[in-house]
Amino acid sequence: MGASRSSDPNQDGSDEQQKRSEIYTYEAPWHIYAMNWSVRRDKKYRLAIASLLEQYPNRVEIVQLDDSNGEIRSDPNLCFEHPYPPTKTIFIPDKECQKPDLLATSSDFLRVWSISEDSSCVELKSVLNGNKNSEFCGPLTSFDWNEAEPKRIGTSSIDTTCTIWDIEREAVDTQLIAHDKEVYDIAWGGVGVFASVSADGSVRVFDLRDKEHSTIIYESSEPDTPLVRLGWNKQDPRYMATIIMDSAKVVVLDIRFPTLPVVELQRHQASVNAVAWAPHSSCHICTAGDDSQALIWDLSSMGQPVEGGLDPILAYTAGAEIEQLQWSSSQPDWVAIAFSTKLQILRVGGGCGVPTLTANLLSVRWNLPMTLEETFVSRGIDSLRKMRINGGNVCKFSDFLLIA
């Protein structure tokens, strides 16, 4: 399908500067749901996207931006069929390219795919079923790949369990009944520590050295209000953020002080769908929601009382709901979003007059070009919202404006 580059017609400078657009767009032949960045340093601007089709066969594509001409291209050799819509996709966390090039996906089972060294094909490496008593298992809502110990992947399921896999042995390392109801998301906080959120409304932290116990970090203030997304701050693991189903607020937690949020982010006007901590800053987080906004927050002052609540430092107003938001860990100047059939990658720091997130963002305007007006059809979103598979709904980026 086509790819396009957005550029600022009023921008002065050389042809090379004009080529360096701030927004790149790729249109898939189907509605995009799961999406994530590659981590390898030798595969810059590479992402995996997956379809949301109401049928058994679905599709996964691996796409990459050609920085010389500003086009995001899909390689037919790296497109493959997938059973059911993937709820999440993650590349192996291997920045230094020391391990085989792997991609994992979750749906009915956890699947690990191998990408050939010359990028000529993708092959299914393993299908991992955590149900020892049946060839079937409860659908997987999400998973996370352990950055500190890449042989480990943790999955969450509607059957109330979390399963820790050793993908090198292709065997279950640990399986826990993690919650009283469906588990919607999981996130690693270290080598042997992970957290999960559930339809029972709790955030629980598990230490694999003591599998019989867990710590409840937070519970929804209203009984039986599901928590659907979880993000653990990789730069400062004292903090995590969670999303409450059908709520316009994001709850930020300090695990040293369980039960009470350290701050609640309450500037969205509709349900929040996605959250991503900055990979290079301990105090910045991006959130996105049904109000067609993506907001970036500076949490460096979150321990101090702020009259009227904390305000975001940047806001990006869109024309539709944002379904996926991922911040590149190997290229922290870039975030990616998916809405309807489109993937966009967006430059959020460094160069071209755009401030990095470590700068004082309140003193400058995030000077991004305006995209073309577009209309988006949110196919399948009502049913997806009811299922709450991996949390989210849909959205589009348009123009980031400074909130002052």
# chains A, B, ... in the order shown; residues from 1 in each chain; ligands from 1

call {"tool": "residues_around", "arguments": {"residues": "A:Phe109", "least_positions_apart": "5", "cutoff": "10 Å", "atoms": "only C-alpha atoms", "output": "list in words"}}
result
Pro83, Tyr84, Pro86, Ser126, Val127, Leu128, Asn129, Gly130, Asn131, Phe136, Cys137, Gly138, Pro139, Leu140, Thr155 and Ser157 of chain A

call {"tool": "write_last_selection", "arguments": {"atoms": "N, CA, C and O atoms", "output": "compact mmCIF listing (two decimals), in the first residue's frame"}}
result
# COMPACT_ATOMS: atom_id res chain seq x y z
N PRO A 83 -3.07 -16.64 12.76
CA PRO A 83 -4.39 -17.07 13.24
C PRO A 83 -4.97 -16.06 14.23
O PRO A 83 -4.31 -15.69 15.20
N TYR A 84 -6.14 -15.59 13.97
CA TYR A 84 -6.83 -14.60 14.80
C TYR A 84 -6.05 -13.27 14.85
O TYR A 84 -4.87 -13.22 14.52
N PRO A 86 -3.72 -10.64 16.27
CA PRO A 86 -2.77 -10.56 17.38
C PRO A 86 -3.16 -9.44 18.35
O PRO A 86 -3.52 -8.33 17.93
N SER A 126 8.11 -21.23 16.98
CA SER A 126 7.46 -22.02 18.02
C SER A 126 6.06 -21.50 18.29
O SER A 126 5.77 -20.31 18.15
N VAL A 127 5.18 -22.44 18.69
CA VAL A 127 3.84 -22.14 19.16
C VAL A 127 3.77 -22.63 20.59
O VAL A 127 3.93 -23.82 20.85
N LEU A 128 3.54 -21.72 21.54
CA LEU A 128 3.65 -22.04 22.96
C LEU A 128 2.26 -22.02 23.61
O LEU A 128 1.61 -20.98 23.68
N ASN A 129 1.82 -23.18 24.07
CA ASN A 129 0.52 -23.36 24.69
C ASN A 129 0.72 -23.61 26.17
O ASN A 129 1.34 -24.60 26.57
N GLY A 130 0.19 -22.71 27.01
CA GLY A 130 0.38 -22.83 28.45
C GLY A 130 -0.59 -23.75 29.14
O GLY A 130 -0.47 -23.98 30.35
N ASN A 131 -1.57 -24.28 28.42
CA ASN A 131 -2.55 -25.19 29.02
C ASN A 131 -2.08 -26.63 28.82
O ASN A 131 -2.15 -27.18 27.73
N PHE A 136 -6.16 -26.50 23.62
CA PHE A 136 -6.66 -25.13 23.56
C PHE A 136 -6.24 -24.38 24.83
O PHE A 136 -5.88 -24.98 25.83
N CYS A 137 -6.32 -23.06 24.77
CA CYS A 137 -6.02 -22.27 25.97
C CYS A 137 -6.87 -21.01 25.94
O CYS A 137 -7.43 -20.65 24.91
N GLY A 138 -6.97 -20.34 27.11
CA GLY A 138 -7.68 -19.08 27.15
C GLY A 138 -6.94 -18.04 26.33
O GLY A 138 -5.71 -17.98 26.34
N PRO A 139 -7.66 -17.22 25.55
CA PRO A 139 -7.00 -16.22 24.73
C PRO A 139 -6.05 -15.34 25.54
O PRO A 139 -6.33 -14.98 26.67
N LEU A 140 -4.91 -15.02 24.92
CA LEU A 140 -3.91 -14.17 25.56
C LEU A 140 -4.24 -12.71 25.28
O LEU A 140 -4.38 -12.31 24.12
N THR A 155 3.12 -13.82 29.73
CA THR A 155 1.83 -13.62 29.06
C THR A 155 0.72 -13.46 30.09
O THR A 155 0.80 -13.97 31.21
N SER A 157 -3.69 -13.75 30.47
CA SER A 157 -4.78 -14.47 29.81
C SER A 157 -6.11 -14.19 30.48
O SER A 157 -6.17 -13.85 31.67

call {"tool": "closest_atom_pairs", "arguments": {"of": "stretch 272-352 of chain A", "to": "stretch 229-243 of chain A", "cutoff": "9 Å", "atoms": "only C-alpha atoms", "output": "tab-separated table"}}
result
residue	atom	partner	partner_atom	distance
A:Val272	CA	A:Ile243	CA	6.8
A:Asn273	CA	A:Ile243	CA	7.3
A:Ala274	CA	A:Arg229	CA	7.2
A:Val275	CA	A:Gly231	CA	6.6
A:Ala276	CA	A:Gly231	CA	6.4
A:Trp277	CA	A:Asn233	CA	5.9
A:Ala278	CA	A:Asn233	CA	8.0
A:Pro279	CA	A:Lys234	CA	6.8
A:His280	CA	A:Gln235	CA	7.0
A:Ser281	CA	A:Gln235	CA	6.5
A:Ser282	CA	A:Gln235	CA	4.8
A:Cys283	CA	A:Asp236	CA	8.2
A:Ile285	CA	A:Asn233	CA	8.8

call {"tool": "closest_residue", "arguments": {"among": "A:Ser247, A:Thr287, A:Thr141, A:Gln269", "to": "A:Ser198", "atoms": "only C-alpha atoms"}}
result
A:Thr141

call {"tool": "residues_around", "arguments": {"residues": "A:Pro332", "least_positions_apart": "4", "cutoff": "12 Å", "atoms": "only C-alpha atoms", "output": "JSON, numbers by chain"}}
result
{"A": [37, 39, 44, 45, 276, 277, 278, 279, 280, 281, 284, 326, 327, 328, 336, 345, 346, 347, 348, 349, 350, 356, 357, 358]}

call {"tool": "write_last_selection", "arguments": {"atoms": "N, CA, C and O atoms", "output": "mmCIF file, in the first residue's frame"}}
result
data_model
loop_
_atom_site.group_PDB
_atom_site.id
_atom_site.type_symbol
_atom_site.label_atom_id
_atom_site.label_comp_id
_atom_site.auth_asym_id
_atom_site.auth_seq_id
_atom_site.Cartn_x
_atom_site.Cartn_y
_atom_site.Cartn_z
ATOM 1 N N TRP A 37 7.714 -1.334 17.689
ATOM 2 C CA TRP A 37 9.000 -1.002 17.090
ATOM 3 C C TRP A 37 9.967 -2.175 17.184
ATOM 4 O O TRP A 37 9.973 -2.919 18.158
ATOM 5 N N VAL A 39 13.846 -3.231 17.900
ATOM 6 C CA VAL A 39 14.804 -2.697 18.875
ATOM 7 C C VAL A 39 16.231 -2.680 18.322
ATOM 8 O O VAL A 39 17.053 -1.884 18.745
ATOM 9 N N LYS A 44 16.868 0.298 11.896
ATOM 10 C CA LYS A 44 16.201 1.533 12.290
ATOM 11 C C LYS A 44 14.875 1.695 11.546
ATOM 12 O O LYS A 44 14.729 1.272 10.401
ATOM 13 N N TYR A 45 13.933 2.306 12.222
ATOM 14 C CA TYR A 45 12.622 2.641 11.638
ATOM 15 C C TYR A 45 11.878 1.400 11.141
ATOM 16 O O TYR A 45 11.091 1.482 10.215
ATOM 17 N N ALA A 276 2.481 5.181 27.379
ATOM 18 C CA ALA A 276 3.863 4.795 27.075
ATOM 19 C C ALA A 276 4.813 5.711 27.833
ATOM 20 O O ALA A 276 4.770 6.936 27.676
ATOM 21 N N TRP A 277 5.666 5.122 28.656
ATOM 22 C CA TRP A 277 6.708 5.890 29.333
ATOM 23 C C TRP A 277 7.822 6.219 28.344
ATOM 24 O O TRP A 277 8.138 5.419 27.464
ATOM 25 N N ALA A 278 8.415 7.392 28.498
ATOM 26 C CA ALA A 278 9.566 7.743 27.664
ATOM 27 C C ALA A 278 10.710 6.778 27.961
ATOM 28 O O ALA A 278 11.028 6.526 29.123
ATOM 29 N N PRO A 279 11.351 6.223 26.942
ATOM 30 C CA PRO A 279 12.417 5.255 27.184
ATOM 31 C C PRO A 279 13.733 5.887 27.620
ATOM 32 O O PRO A 279 14.638 5.182 28.053
ATOM 33 N N HIS A 280 13.835 7.222 27.511
ATOM 34 C CA HIS A 280 15.093 7.902 27.794
ATOM 35 C C HIS A 280 14.951 8.933 28.910
ATOM 36 O O HIS A 280 15.885 9.664 29.196
ATOM 37 N N SER A 281 13.788 9.012 29.527
ATOM 38 C CA SER A 281 13.531 9.997 30.569
ATOM 39 C C SER A 281 12.677 9.344 31.643
ATOM 40 O O SER A 281 11.680 8.680 31.333
ATOM 41 N N HIS A 284 8.813 11.437 32.015
ATOM 42 C CA HIS A 284 7.893 11.794 30.944
ATOM 43 C C HIS A 284 7.085 10.581 30.516
ATOM 44 O O HIS A 284 7.593 9.463 30.442
ATOM 45 N N GLN A 326 3.290 3.582 20.704
ATOM 46 C CA GLN A 326 4.529 2.930 21.125
ATOM 47 C C GLN A 326 5.677 3.925 20.971
ATOM 48 O O GLN A 326 5.801 4.592 19.956
ATOM 49 N N TRP A 327 6.519 3.996 21.998
ATOM 50 C CA TRP A 327 7.673 4.899 22.010
ATOM 51 C C TRP A 327 8.913 4.059 21.755
ATOM 52 O O TRP A 327 9.185 3.106 22.485
ATOM 53 N N SER A 328 9.688 4.397 20.743
ATOM 54 C CA SER A 328 10.837 3.586 20.349
ATOM 55 C C SER A 328 11.939 3.638 21.408
ATOM 56 O O SER A 328 12.432 4.714 21.746
ATOM 57 N N ALA A 336 5.353 5.925 17.585
ATOM 58 C CA ALA A 336 4.511 5.406 16.508
ATOM 59 C C ALA A 336 3.086 5.271 17.017
ATOM 60 O O ALA A 336 2.856 4.952 18.181
ATOM 61 N N ILE A 345 4.598 7.338 12.077
ATOM 62 C CA ILE A 345 5.702 7.531 13.006
ATOM 63 C C ILE A 345 5.987 9.022 13.075
ATOM 64 O O ILE A 345 5.967 9.729 12.072
ATOM 65 N N LEU A 346 6.198 9.475 14.278
ATOM 66 C CA LEU A 346 6.217 10.901 14.580
ATOM 67 C C LEU A 346 7.467 11.255 15.361
ATOM 68 O O LEU A 346 7.777 10.624 16.372
ATOM 69 N N ARG A 347 8.173 12.256 14.880
ATOM 70 C CA ARG A 347 9.382 12.717 15.556
ATOM 71 C C ARG A 347 8.983 13.593 16.740
ATOM 72 O O ARG A 347 8.251 14.561 16.585
ATOM 73 N N VAL A 348 9.485 13.258 17.921
ATOM 74 C CA VAL A 348 9.081 13.984 19.120
ATOM 75 C C VAL A 348 10.238 14.656 19.837
ATOM 76 O O VAL A 348 10.058 15.218 20.904
ATOM 77 N N GLY A 349 11.441 14.658 19.273
ATOM 78 C CA GLY A 349 12.545 15.320 19.966
ATOM 79 C C GLY A 349 13.800 15.330 19.139
ATOM 80 O O GLY A 349 14.045 14.472 18.303
ATOM 81 N N GLY A 350 14.618 16.358 19.376
ATOM 82 C CA GLY A 350 15.950 16.436 18.785
ATOM 83 C C GLY A 350 15.913 16.866 17.327
ATOM 84 O O GLY A 350 15.206 16.324 16.514
ATOM 85 N N THR A 356 14.047 18.188 22.637
ATOM 86 C CA THR A 356 14.061 16.884 23.268
ATOM 87 C C THR A 356 13.280 16.964 24.566
ATOM 88 O O THR A 356 13.098 18.031 25.144
ATOM 89 N N LEU A 357 12.835 15.817 25.052
ATOM 90 C CA LEU A 357 11.992 15.814 26.236
ATOM 91 C C LEU A 357 12.754 16.137 27.504
ATOM 92 O O LEU A 357 12.167 16.336 28.548
ATOM 93 N N THR A 358 14.080 16.168 27.420
ATOM 94 C CA THR A 358 14.841 16.551 28.605
ATOM 95 C C THR A 358 14.990 18.066 28.699
ATOM 96 O O THR A 358 15.475 18.585 29.688
#

call {"tool": "residues_around", "arguments": {"residues": "A:Gln324", "least_positions_apart": "6", "cutoff": "12 Å", "atoms": "only C-alpha atoms", "output": "PyMOL selection string"}}
result
chain A and resi 31-37+49-50+87-89+229+272-276+286-290+294+335-345+390-397

call {"tool": "residues_around", "arguments": {"residues": "A:Asp210", "least_positions_apart": "4", "cutoff": "10 Å", "atoms": "only C-alpha atoms", "output": "list in words"}}
result
Gly192, Phe206 and Ser214 of chain A

call {"tool": "write_last_selection", "arguments": {"atoms": "all heavy atoms", "output": "mmCIF file, in the first residue's frame"}}
result
data_model
loop_
_atom_site.group_PDB
_atom_site.id
_atom_site.type_symbol
_atom_site.label_atom_id
_atom_site.label_comp_id
_atom_site.auth_asym_id
_atom_site.auth_seq_id
_atom_site.Cartn_x
_atom_site.Cartn_y
_atom_site.Cartn_z
ATOM 1 N N GLY A 192 13.293 -10.823 37.616
ATOM 2 C CA GLY A 192 12.324 -11.771 38.126
ATOM 3 C C GLY A 192 11.084 -11.150 38.722
ATOM 4 O O GLY A 192 10.378 -11.794 39.503
ATOM 5 N N PHE A 206 4.506 -9.423 41.330
ATOM 6 C CA PHE A 206 4.965 -10.777 41.630
ATOM 7 C C PHE A 206 6.481 -10.839 41.566
ATOM 8 O O PHE A 206 7.097 -10.242 40.672
ATOM 9 C CB PHE A 206 4.383 -11.781 40.633
ATOM 10 C CG PHE A 206 2.885 -11.861 40.646
ATOM 11 C CD1 PHE A 206 2.111 -10.941 39.945
ATOM 12 C CD2 PHE A 206 2.231 -12.849 41.373
ATOM 13 C CE1 PHE A 206 0.725 -11.015 39.949
ATOM 14 C CE2 PHE A 206 0.843 -12.922 41.392
ATOM 15 C CZ PHE A 206 0.095 -12.007 40.685
ATOM 16 N N SER A 214 1.877 -12.366 46.327
ATOM 17 C CA SER A 214 1.939 -11.178 45.479
ATOM 18 C C SER A 214 1.604 -9.964 46.331
ATOM 19 O O SER A 214 1.048 -10.094 47.428
ATOM 20 C CB SER A 214 0.953 -11.278 44.308
ATOM 21 O OG SER A 214 -0.388 -11.306 44.772
#

call {"tool": "atom_distance", "arguments": {"atom1": "atom CA of A:Arg267", "atom2": "atom CA of A:Pro312"}}
result
7.6 Å

call {"tool": "residues_around", "arguments": {"residues": "A:His179", "least_positions_apart": "4", "cutoff": "9 Å", "atoms": "only C-alpha atoms", "output": "mmCIF file with all heavy atoms, in the first residue's frame"}}
result
data_model
loop_
_atom_site.group_PDB
_atom_site.id
_atom_site.type_symbol
_atom_site.label_atom_id
_atom_site.label_comp_id
_atom_site.auth_asym_id
_atom_site.auth_seq_id
_atom_site.Cartn_x
_atom_site.Cartn_y
_atom_site.Cartn_z
ATOM 1 N N THR A 160 -7.362 -16.002 33.948
ATOM 2 C CA THR A 160 -6.886 -15.474 35.243
ATOM 3 C C THR A 160 -5.407 -15.761 35.505
ATOM 4 O O THR A 160 -4.891 -15.387 36.556
ATOM 5 C CB THR A 160 -7.696 -15.996 36.453
ATOM 6 O OG1 THR A 160 -7.333 -17.357 36.742
ATOM 7 C CG2 THR A 160 -9.202 -15.889 36.208
ATOM 8 N N THR A 161 -4.697 -16.356 34.553
ATOM 9 C CA THR A 161 -3.301 -16.721 34.799
ATOM 10 C C THR A 161 -2.326 -15.771 34.124
ATOM 11 O O THR A 161 -2.647 -15.094 33.145
ATOM 12 C CB THR A 161 -3.007 -18.138 34.295
ATOM 13 O OG1 THR A 161 -3.126 -18.170 32.865
ATOM 14 C CG2 THR A 161 -3.943 -19.152 34.919
ATOM 15 N N CYS A 162 -1.115 -15.775 34.664
ATOM 16 C CA CYS A 162 0.064 -15.235 33.992
ATOM 17 C C CYS A 162 1.052 -16.394 33.838
ATOM 18 O O CYS A 162 1.267 -17.160 34.786
ATOM 19 C CB CYS A 162 0.703 -14.113 34.789
ATOM 20 S SG CYS A 162 -0.224 -12.568 34.796
ATOM 21 N N VAL A 183 -7.024 -11.422 33.304
ATOM 22 C CA VAL A 183 -5.828 -10.576 33.377
ATOM 23 C C VAL A 183 -5.677 -9.888 32.019
ATOM 24 O O VAL A 183 -5.628 -10.554 30.981
ATOM 25 C CB VAL A 183 -4.570 -11.404 33.703
ATOM 26 C CG1 VAL A 183 -3.393 -10.470 33.967
ATOM 27 C CG2 VAL A 183 -4.813 -12.304 34.905
ATOM 28 N N SER A 196 0.835 -7.131 36.952
ATOM 29 C CA SER A 196 -0.292 -7.392 36.066
ATOM 30 C C SER A 196 -1.504 -6.602 36.523
ATOM 31 O O SER A 196 -1.608 -6.201 37.690
ATOM 32 C CB SER A 196 -0.617 -8.890 36.027
ATOM 33 O OG SER A 196 -0.903 -9.370 37.322
ATOM 34 N N VAL A 197 -2.433 -6.381 35.593
ATOM 35 C CA VAL A 197 -3.699 -5.714 35.900
ATOM 36 C C VAL A 197 -4.828 -6.594 35.392
ATOM 37 O O VAL A 197 -4.665 -7.390 34.465
ATOM 38 C CB VAL A 197 -3.797 -4.306 35.276
ATOM 39 C CG1 VAL A 197 -2.801 -3.368 35.918
ATOM 40 C CG2 VAL A 197 -3.595 -4.366 33.761
ATOM 41 N N SER A 198 -6.022 -6.400 36.006
ATOM 42 C CA SER A 198 -7.077 -7.379 35.785
ATOM 43 C C SER A 198 -8.458 -6.757 35.825
ATOM 44 O O SER A 198 -8.656 -5.624 36.283
ATOM 45 C CB SER A 198 -6.958 -8.467 36.863
ATOM 46 O OG SER A 198 -8.110 -9.259 36.957
ATOM 47 N N ALA A 199 -9.426 -7.560 35.392
ATOM 48 C CA ALA A 199 -10.830 -7.187 35.522
ATOM 49 C C ALA A 199 -11.268 -7.122 36.971
ATOM 50 O O ALA A 199 -12.329 -6.569 37.274
ATOM 51 C CB ALA A 199 -11.709 -8.179 34.757
ATOM 52 N N ASP A 200 -10.460 -7.655 37.897
ATOM 53 C CA ASP A 200 -10.804 -7.539 39.316
ATOM 54 C C ASP A 200 -10.421 -6.182 39.894
ATOM 55 O O ASP A 200 -10.649 -5.911 41.072
ATOM 56 C CB ASP A 200 -10.179 -8.673 40.134
ATOM 57 C CG ASP A 200 -8.646 -8.638 40.169
ATOM 58 O OD1 ASP A 200 -8.054 -7.600 39.820
ATOM 59 O OD2 ASP A 200 -8.046 -9.666 40.554
ATOM 60 N N SER A 202 -7.363 -4.714 40.217
ATOM 61 C CA SER A 202 -6.144 -4.587 41.018
ATOM 62 C C SER A 202 -4.887 -4.598 40.156
ATOM 63 O O SER A 202 -4.876 -5.155 39.059
ATOM 64 C CB SER A 202 -6.060 -5.721 42.048
ATOM 65 O OG SER A 202 -5.863 -6.975 41.414
ATOM 66 N N ARG A 204 -1.150 -6.016 40.687
ATOM 67 C CA ARG A 204 -0.420 -6.918 41.575
ATOM 68 C C ARG A 204 1.002 -7.100 41.068
ATOM 69 O O ARG A 204 1.231 -7.221 39.855
ATOM 70 C CB ARG A 204 -1.131 -8.266 41.671
ATOM 71 C CG ARG A 204 -2.570 -8.130 42.170
ATOM 72 C CD ARG A 204 -3.208 -9.469 42.481
ATOM 73 N NE ARG A 204 -4.620 -9.293 42.845
ATOM 74 C CZ ARG A 204 -5.375 -10.246 43.386
ATOM 75 N NH1 ARG A 204 -4.861 -11.433 43.632
ATOM 76 N NH2 ARG A 204 -6.646 -10.006 43.676
#

call {"tool": "atom_distance", "arguments": {"atom1": "atom CA of A:Gly189", "atom2": "atom CA of A:Leu295"}}
result
23.9 Å

call {"tool": "atom_distance", "arguments": {"atom1": "atom CA of A:Tyr316", "atom2": "atom CA of A:Ile296"}}
result
8.5 Å

call {"tool": "select_by_dssp", "arguments": {"residues": "stretch 143-182 of chain A", "states": "strand (DSSP E)", "output": "PyMOL selection string"}}
result
chain A and resi 143-145+152-157+161-166+171-177

call {"tool": "select_by_dssp", "arguments": {"residues": "stretch 16-254 of chain A", "states": "alpha helix (DSSP H)", "output": "PyMOL selection string"}}
result
chain A and resi 16-19

call {"tool": "write_last_selection", "arguments": {"atoms": "N, CA, C and O atoms", "output": "PDB file, in the first residue's frame"}}
result
ATOM      1  N   GLU A  16      17.874  18.760   1.907  1.00  0.00           N
ATOM      2  CA  GLU A  16      18.073  17.675   2.859  1.00  0.00           C
ATOM      3  C   GLU A  16      17.251  17.908   4.115  1.00  0.00           C
ATOM      4  O   GLU A  16      16.631  16.983   4.656  1.00  0.00           O
ATOM      5  N   GLN A  17      17.199  19.150   4.595  1.00  0.00           N
ATOM      6  CA  GLN A  17      16.398  19.464   5.776  1.00  0.00           C
ATOM      7  C   GLN A  17      14.919  19.249   5.498  1.00  0.00           C
ATOM      8  O   GLN A  17      14.177  18.759   6.348  1.00  0.00           O
ATOM      9  N   GLN A  18      14.493  19.627   4.274  1.00  0.00           N
ATOM     10  CA  GLN A  18      13.087  19.463   3.939  1.00  0.00           C
ATOM     11  C   GLN A  18      12.704  17.995   3.836  1.00  0.00           C
ATOM     12  O   GLN A  18      11.556  17.632   4.075  1.00  0.00           O
ATOM     13  N   LYS A  19      13.679  17.142   3.490  1.00  0.00           N
ATOM     14  CA  LYS A  19      13.398  15.714   3.407  1.00  0.00           C
ATOM     15  C   LYS A  19      13.109  15.124   4.779  1.00  0.00           C
ATOM     16  O   LYS A  19      12.393  14.139   4.904  1.00  0.00           O
TER      17      LYS A  19
END

call {"tool": "decode", "arguments": {"residues": "stretch 162-197 of chain A", "atoms": "C-alpha atoms", "output": "short mmCIF file (atom, residue, chain, number, x, y, z; two decimals), in the first residue's frame"}}
result
data_model
loop_
_atom_site.label_atom_id
_atom_site.label_comp_id
_atom_site.auth_asym_id
_atom_site.auth_seq_id
_atom_site.Cartn_x
_atom_site.Cartn_y
_atom_site.Cartn_z
CA CYS A 162 0.06 -15.24 33.99
CA THR A 163 2.56 -17.59 32.39
CA ILE A 164 6.33 -17.08 32.29
CA TRP A 165 7.94 -18.80 29.32
CA ASP A 166 11.53 -19.81 28.71
CA ILE A 167 11.52 -19.38 24.94
CA GLU A 168 14.94 -20.99 24.54
CA ARG A 169 13.63 -24.25 26.04
CA GLU A 170 10.15 -23.57 24.65
CA ALA A 171 8.79 -24.51 28.05
CA VAL A 172 6.76 -22.97 30.87
CA ASP A 173 9.00 -21.63 33.61
CA THR A 174 6.14 -20.57 35.91
CA GLN A 175 2.38 -20.34 35.69
CA LEU A 176 0.45 -18.41 38.34
CA ILE A 177 -3.20 -17.79 39.06
CA ALA A 178 -2.57 -14.08 39.18
CA HIS A 179 -6.02 -12.58 39.75
CA ASP A 180 -9.63 -13.41 40.54
CA LYS A 181 -10.78 -12.42 37.04
CA GLU A 182 -9.38 -11.95 33.56
CA VAL A 183 -5.83 -10.58 33.38
CA TYR A 184 -5.62 -7.80 30.78
CA ASP A 185 -1.97 -6.72 30.80
CA ILE A 186 1.46 -7.65 32.14
CA ALA A 187 4.74 -5.73 32.43
CA TRP A 188 8.23 -6.66 33.60
CA GLY A 189 9.96 -4.52 36.21
CA GLY A 190 13.23 -6.46 36.37
CA VAL A 191 14.77 -9.90 35.91
CA GLY A 192 12.32 -11.77 38.13
CA VAL A 193 9.66 -9.19 38.93
CA PHE A 194 6.50 -8.48 36.95
CA ALA A 195 3.16 -6.79 37.50
CA SER A 196 -0.29 -7.39 36.07
CA VAL A 197 -3.70 -5.71 35.90
#
